[in-house]
Structures are given as structure tokens and as C-alpha cells.
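Enquirer: Pasting data_11.cif below, which is mmCIF, C-alpha atoms.
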data_run
loop_
_atom_site.group_PDB
_atom_site.id
_atom_site.type_symbol
_atom_site.label_atom_id
_atom_site.label_comp_id
_atom_site.auth_asym_id
_atom_site.auth_seq_id
_atom_site.Cartn_x
_atom_site.Cartn_y
_atom_site.Cartn_z
ATOM 1 C CA MET M 1 116.379 61.889 -5.874
ATOM 2 C CA GLY M 2 115.107 59.475 -3.203
ATOM 3 C CA ALA M 3 114.999 62.205 -0.512
ATOM 4 C CA ALA M 4 113.005 64.501 -2.789
ATOM 5 C CA LYS M 5 110.544 61.708 -3.553
ATOM 6 C CA GLY M 6 109.961 61.097 0.187
ATOM 7 C CA LYS M 7 109.503 64.838 0.703
ATOM 8 C CA TYR M 8 106.678 64.976 -1.859
ATOM 9 C CA ARG M 9 105.091 61.755 -0.581
ATOM 10 C CA GLY M 10 104.745 63.403 2.850
ATOM 11 C CA ARG M 11 103.059 66.422 1.255
ATOM 12 C CA GLY M 12 100.696 64.163 -0.676
ATOM 13 C CA LEU M 13 99.684 62.461 2.556
ATOM 14 C CA LEU M 14 99.123 65.843 4.188
ATOM 15 C CA VAL M 15 96.907 66.974 1.293
ATOM 16 C CA LEU M 16 94.952 63.706 1.467
ATOM 17 C CA LEU M 17 94.384 64.116 5.218
ATOM 18 C CA LEU M 18 93.244 67.712 4.744
ATOM 19 C CA CYS M 19 90.798 66.643 2.041
ATOM 20 C CA LEU M 20 89.409 63.855 4.202
ATOM 21 C CA GLY M 21 89.159 66.242 7.144
ATOM 22 C CA GLY M 22 87.031 68.529 4.979
ATOM 23 C CA CYS M 23 84.532 65.681 4.547
ATOM 24 C CA VAL M 24 83.635 65.696 8.227
ATOM 25 C CA HIS M 25 79.951 66.453 8.741
ATOM 26 C CA GLN M 26 79.065 69.961 9.938
ATOM 27 C CA ASP M 27 77.454 68.687 13.111
ATOM 28 C CA VAL M 28 80.527 69.422 15.209
ATOM 29 C CA VAL M 29 79.678 70.190 18.821
ATOM 30 C CA ALA M 30 81.164 73.377 20.280
ATOM 31 C CA VAL M 31 81.843 73.184 24.017
ATOM 32 C CA ARG M 32 82.051 76.020 26.551
ATOM 33 C CA ARG M 33 82.968 74.682 29.976
ATOM 34 C CA LEU M 34 81.277 76.358 32.946
ATOM 35 C CA THR M 35 83.466 74.793 35.632
ATOM 36 C CA ALA M 36 87.101 73.889 36.075
ATOM 37 C CA ALA M 37 86.103 70.523 37.566
ATOM 38 C CA ARG M 38 86.724 67.412 35.472
ATOM 39 C CA TYR M 39 84.528 64.320 35.685
ATOM 40 C CA VAL M 40 84.790 60.693 34.675
ATOM 41 C CA PRO M 41 82.810 60.024 31.457
ATOM 42 C CA THR M 42 79.296 58.805 32.137
ATOM 43 C CA ARG M 43 77.586 55.820 30.612
ATOM 44 C CA TYR M 44 74.137 57.334 30.045
ATOM 45 C CA VAL M 45 72.920 60.882 29.448
ATOM 46 C CA GLN M 46 69.280 61.877 29.881
ATOM 47 C CA ILE M 47 67.717 64.447 27.542
ATOM 48 C CA TYR M 48 65.384 67.147 28.880
ATOM 49 C CA ARG M 49 63.478 69.779 26.902
ATOM 50 C CA LYS M 50 63.066 71.950 30.032
ATOM 51 C CA ALA M 51 64.973 72.229 33.288
ATOM 52 C CA PRO M 52 64.445 69.180 35.510
ATOM 53 C CA GLU M 53 63.260 69.444 39.077
ATOM 54 C CA GLY M 54 65.845 69.117 41.786
ATOM 55 C CA ARG M 55 69.308 70.554 42.231
ATOM 56 C CA TYR M 56 72.029 70.190 39.639
ATOM 57 C CA GLU M 57 75.305 71.747 38.575
ATOM 58 C CA LYS M 58 75.766 73.185 35.099
ATOM 59 C CA ILE M 59 79.090 71.944 33.757
ATOM 60 C CA ALA M 60 79.090 73.044 30.095
ATOM 61 C CA VAL M 61 77.137 74.624 27.261
ATOM 62 C CA LEU M 62 77.101 72.627 24.020
ATOM 63 C CA GLU M 63 76.124 73.980 20.603
ATOM 64 C CA ALA M 64 75.545 71.952 17.452
ATOM 65 C CA GLY M 65 74.276 72.831 13.995
ATOM 66 C CA GLY M 66 74.206 71.460 10.507
ATOM 67 C CA THR M 67 72.827 71.888 7.020
ATOM 68 C CA PRO M 68 69.075 71.758 6.287
ATOM 69 C CA GLU M 69 69.477 68.068 5.358
ATOM 70 C CA THR M 70 71.101 67.144 8.684
ATOM 71 C CA PRO M 71 68.729 65.013 10.769
ATOM 72 C CA ARG M 72 67.995 66.494 14.201
ATOM 73 C CA THR M 73 68.652 63.120 15.790
ATOM 74 C CA GLN M 74 72.207 63.165 14.435
ATOM 75 C CA LEU M 75 72.860 66.511 16.134
ATOM 76 C CA TRP M 76 71.269 65.338 19.385
ATOM 77 C CA GLU M 77 73.376 62.148 19.346
ATOM 78 C CA ALA M 78 76.524 64.222 18.827
ATOM 79 C CA MET M 79 75.621 66.448 21.804
ATOM 80 C CA VAL M 80 74.823 63.427 23.991
ATOM 81 C CA GLU M 81 78.173 61.847 23.111
ATOM 82 C CA LYS M 82 80.049 65.054 23.940
ATOM 83 C CA ALA M 83 78.105 65.429 27.226
ATOM 84 C CA ARG M 84 78.931 61.809 28.092
ATOM 85 C CA GLU M 85 82.642 62.509 27.501
ATOM 86 C CA LEU M 86 82.405 65.533 29.840
ATOM 87 C CA GLY M 87 80.835 63.442 32.607
ATOM 88 C CA ALA M 88 77.345 64.962 32.344
ATOM 89 C CA GLU M 89 74.350 63.013 33.582
ATOM 90 C CA ALA M 90 71.836 64.962 31.490
ATOM 91 C CA ILE M 91 71.448 67.749 28.945
ATOM 92 C CA ILE M 92 68.748 70.406 28.709
ATOM 93 C CA VAL M 93 68.189 71.055 24.989
ATOM 94 C CA GLU M 94 66.969 74.297 23.411
ATOM 95 C CA ASP M 95 65.913 74.326 19.743
ATOM 96 C CA ARG M 96 67.474 77.369 18.067
ATOM 97 C CA SER M 97 66.794 76.295 14.482
ATOM 98 C CA GLN M 98 66.278 79.097 11.973
ATOM 99 C CA PRO M 99 64.132 79.196 8.839
ATOM 100 C CA ILE M 100 65.644 79.745 5.418
ATOM 101 C CA GLY M 101 63.793 82.585 3.761
ATOM 102 C CA ASN M 102 60.448 83.996 4.836
ATOM 103 C CA PRO M 103 58.492 81.702 7.187
ATOM 104 C CA LEU M 104 55.208 83.419 6.226
ATOM 105 C CA VAL M 105 53.569 83.670 2.800
ATOM 106 C CA MET M 106 50.464 85.505 1.627
ATOM 107 C CA ASN M 107 47.467 83.227 1.194
ATOM 108 C CA PRO M 108 45.893 84.425 -2.087
ATOM 109 C CA GLY M 109 42.522 82.880 -1.201
ATOM 110 C CA GLY M 110 41.956 84.703 2.063
ATOM 111 C CA GLY M 111 44.484 87.522 2.011
ATOM 112 C CA MET M 112 45.978 86.339 5.292
ATOM 113 C CA TYR M 113 49.508 85.184 5.990
ATOM 114 C CA THR M 114 50.096 81.472 6.492
ATOM 115 C CA VAL M 115 53.142 79.406 7.335
ATOM 116 C CA ASN M 116 55.225 78.609 4.275
ATOM 117 C CA PRO M 117 54.639 74.846 3.712
ATOM 118 C CA GLY M 118 57.925 74.346 1.826
ATOM 119 C CA MET M 119 60.076 76.194 4.337
ATOM 120 C CA GLN M 120 63.405 74.596 5.253
ATOM 121 C CA MET M 121 65.091 74.989 8.611
ATOM 122 C CA ILE M 122 68.759 75.262 9.500
ATOM 123 C CA PRO M 123 69.042 72.984 12.546
ATOM 124 C CA ARG M 124 70.778 74.554 15.545
ATOM 125 C CA PHE M 125 70.664 73.346 19.127
ATOM 126 C CA ARG M 126 72.073 74.559 22.408
ATOM 127 C CA ALA M 127 72.257 72.223 25.385
ATOM 128 C CA THR M 128 73.313 72.732 28.960
ATOM 129 C CA ALA M 129 75.232 69.715 30.279
ATOM 130 C CA ILE M 130 74.435 69.035 33.932
ATOM 131 C CA ARG M 131 75.288 66.774 36.859
ATOM 132 C CA PHE M 132 72.693 66.170 39.531
ATOM 133 C CA SER M 133 73.486 67.069 43.128
ATOM 134 C CA PRO M 134 73.627 64.076 45.489
ATOM 135 C CA GLY M 135 70.108 63.034 46.477
ATOM 136 C CA ALA M 136 68.486 65.357 43.908
ATOM 137 C CA ARG M 137 66.908 62.615 41.800
#
Could you rewrite the structure in this file as C-alpha cells?
Expert:
Amino acid sequence: MGAAKGKYRGRGLLVLLLCLGGCVHQDVVAVRRLTAARYVPTRYVQIYRKAPEGRYEKIAVLEAGGTPETPRTQLWEAMVEKARELGAEAIIVEDRSQPIGNPLVMNPGGGMYTVNPGMQMIPRFRATAIRFSPGAR
């Protein structure tokens, strides 16, 4: 009887871990490495909205997304942390967020289309993790 009890206790722990794992936020960062090189994690990562001047090496593409309630800053912080782990010195972020529903509505007063004021967005970001070439900064 004791062996059977231990067997079920192990299953209960497995079920508990699976349930807790399901509670992880959806802002998981997907990584696609662009080089076989491995780097020591960096301490700081700069954020750029467009490509910086100077020479750099692209080391990975990062993608993060969440639910409409997910703060953008949370997704950016997750990408910065992942870039830091990869040894990146900066990321170049592209906003790929998508609207839920129709972004335009008919304005009954003027008959023209206007931006839907209550429109929600699904936050999605793509970032290129980079390392600057020596002397590029």
C-alpha cells in the first residue's frame, strides 16, 4: 500500500507543476539565433526604435507577444532580459501589434471613417539583438 501511495503522490506533484506552469504569463520570448557564436551575458542592453549608426552584428531575432491587457513595458523588459542573456549590447524593436476588430468606424456626423476610439491591440514585438563592432560606438 505504501508504494502505491508514493506513486500517486508523484503524480499529484506532476499535476500541480503542470497547473502552475500553465499560469506563466503569455509574454514568453521566442528566440531565433542568427549566429553560432556564444557570448557572455551583458549587463546593460540599449533599446533602439530604428537601426543605430555604426557597424554591428545581428546575433538573434526575438519575438514577444501577449494579451490585450499585457503592458508593452512588460514585453520589452522580457526581450531585454533575453537579449542580455544572449550577450547582446542592444535591441532594435519593431512594433507588430495588431488591432482586435475593425480599426476604422463610420462617423455618422460626417460620413467619413475615423479611428475606432475603443479599439484594443494585441501587443506583438520583434527585436533584433545586436553586438556593436569594435570602435563602432
Enquirer: Residue by residue, what does the PyMOL selection byres ((chain M and resi 54-58) around 12) grab here? Present the result as a ChimeraX atom specification.
Expert: /M:32-37,51-53,59-62,83,86-92,127-137
Enquirer: Write to file, as a compact mmCIF listing (two decimals), in the frame of the given file, the residues of the selection just made, with C-alpha atoms.
Expert:
# COMPACT_ATOMS: atom_id res chain seq x y z
CA ARG M 32 82.05 76.02 26.55
CA ARG M 33 82.97 74.68 29.98
CA LEU M 34 81.28 76.36 32.95
CA THR M 35 83.47 74.79 35.63
CA ALA M 36 87.10 73.89 36.08
CA ALA M 37 86.10 70.52 37.57
CA ALA M 51 64.97 72.23 33.29
CA PRO M 52 64.44 69.18 35.51
CA GLU M 53 63.26 69.44 39.08
CA ILE M 59 79.09 71.94 33.76
CA ALA M 60 79.09 73.04 30.10
CA VAL M 61 77.14 74.62 27.26
CA LEU M 62 77.10 72.63 24.02
CA ALA M 83 78.10 65.43 27.23
CA LEU M 86 82.40 65.53 29.84
CA GLY M 87 80.83 63.44 32.61
CA ALA M 88 77.34 64.96 32.34
CA GLU M 89 74.35 63.01 33.58
CA ALA M 90 71.84 64.96 31.49
CA ILE M 91 71.45 67.75 28.94
CA ILE M 92 68.75 70.41 28.71
CA ALA M 127 72.26 72.22 25.38
CA THR M 128 73.31 72.73 28.96
CA ALA M 129 75.23 69.72 30.28
CA ILE M 130 74.44 69.04 33.93
CA ARG M 131 75.29 66.77 36.86
CA PHE M 132 72.69 66.17 39.53
CA SER M 133 73.49 67.07 43.13
CA PRO M 134 73.63 64.08 45.49
CA GLY M 135 70.11 63.03 46.48
CA ALA M 136 68.49 65.36 43.91
CA ARG M 137 66.91 62.62 41.80
Enquirer: If I take atom CA of M:Ala30 and atom CA of M:Met119, how far is one from the other in Å, to one decimal?
Expert: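 Separation between atom CA of M:Ala30 and atom CA of M:Met119: 26.6 Å.
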Enquirer: Give me, please, the distance in Å between atom CA of M:Gln98 and atom CA of M:Met112, quoted to one decimal.
Expert: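 That distance, rounded to one decimal, is 22.6 Å.
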Enquirer: As an exercise, work out the distance from atom CA of M:Leu104 to atom CA of M:Gly65 in Å and give it to one decimal place.
Expert: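 Computed distance, atom CA of M:Leu104 to atom CA of M:Gly65, equals 23.2 Å.
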Enquirer: Each side padded by 8 Å, which centre and which edge lengths in Å (one decimal) define the axis-aligned box around the listed atoms of stretch 68-73 of chain M? Give them as AutoDock Vina command-line options.
Expert:
--center_x 69.5 --center_y 67.4 --center_z 10.6 --size_x 19.1 --size_y 24.6 --size_z 26.4
Enquirer: Assuming the chain letters and numbering stay as they are in my file, what does the PyMOL selection byres ((chain M and resi 123) around 6) actually select? List them as a list in words.
Expert: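 Answer for the PyMOL selection byres ((chain M and resi 123) around 6): Gly65, Gly66, Ser97, Met121, Ile122 and Arg124 of chain M.
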Enquirer: If the PyMOL selection byres ((chain M and resi 40) around 10) is run on the structure shown, which residues does it catch, given as a ChimeraX atom specification?
Expert: /M:38-39,41-43,84-88
Enquirer: Name the closest residue to M:Val29 among the candidates M:Thr70, M:Arg49, M:Val80, M:Asn107; distances are taken between atoms, counting all atoms listed in the file.
Expert: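 Using all atoms listed in the file, M:Val29 sits closest to M:Val80.
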Enquirer: Quick one: of M:Phe125, M:Tyr44, M:Thr67, M:Ile100, who's nearest to M:Glu81, counting only C-alpha atoms?
Expert: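 Going through M:Phe125, M:Tyr44, M:Thr67, M:Ile100 one by one, the smallest distance to M:Glu81 is for M:Tyr44.
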Enquirer: Give the answer as one residue: which of M:Gln120, M:Pro68, M:Ile47, M:Gln74 has the shortest atom-to-atom distance to M:Gly101, using all atoms listed in the file?
Expert: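 Closest candidate: M:Gln120.
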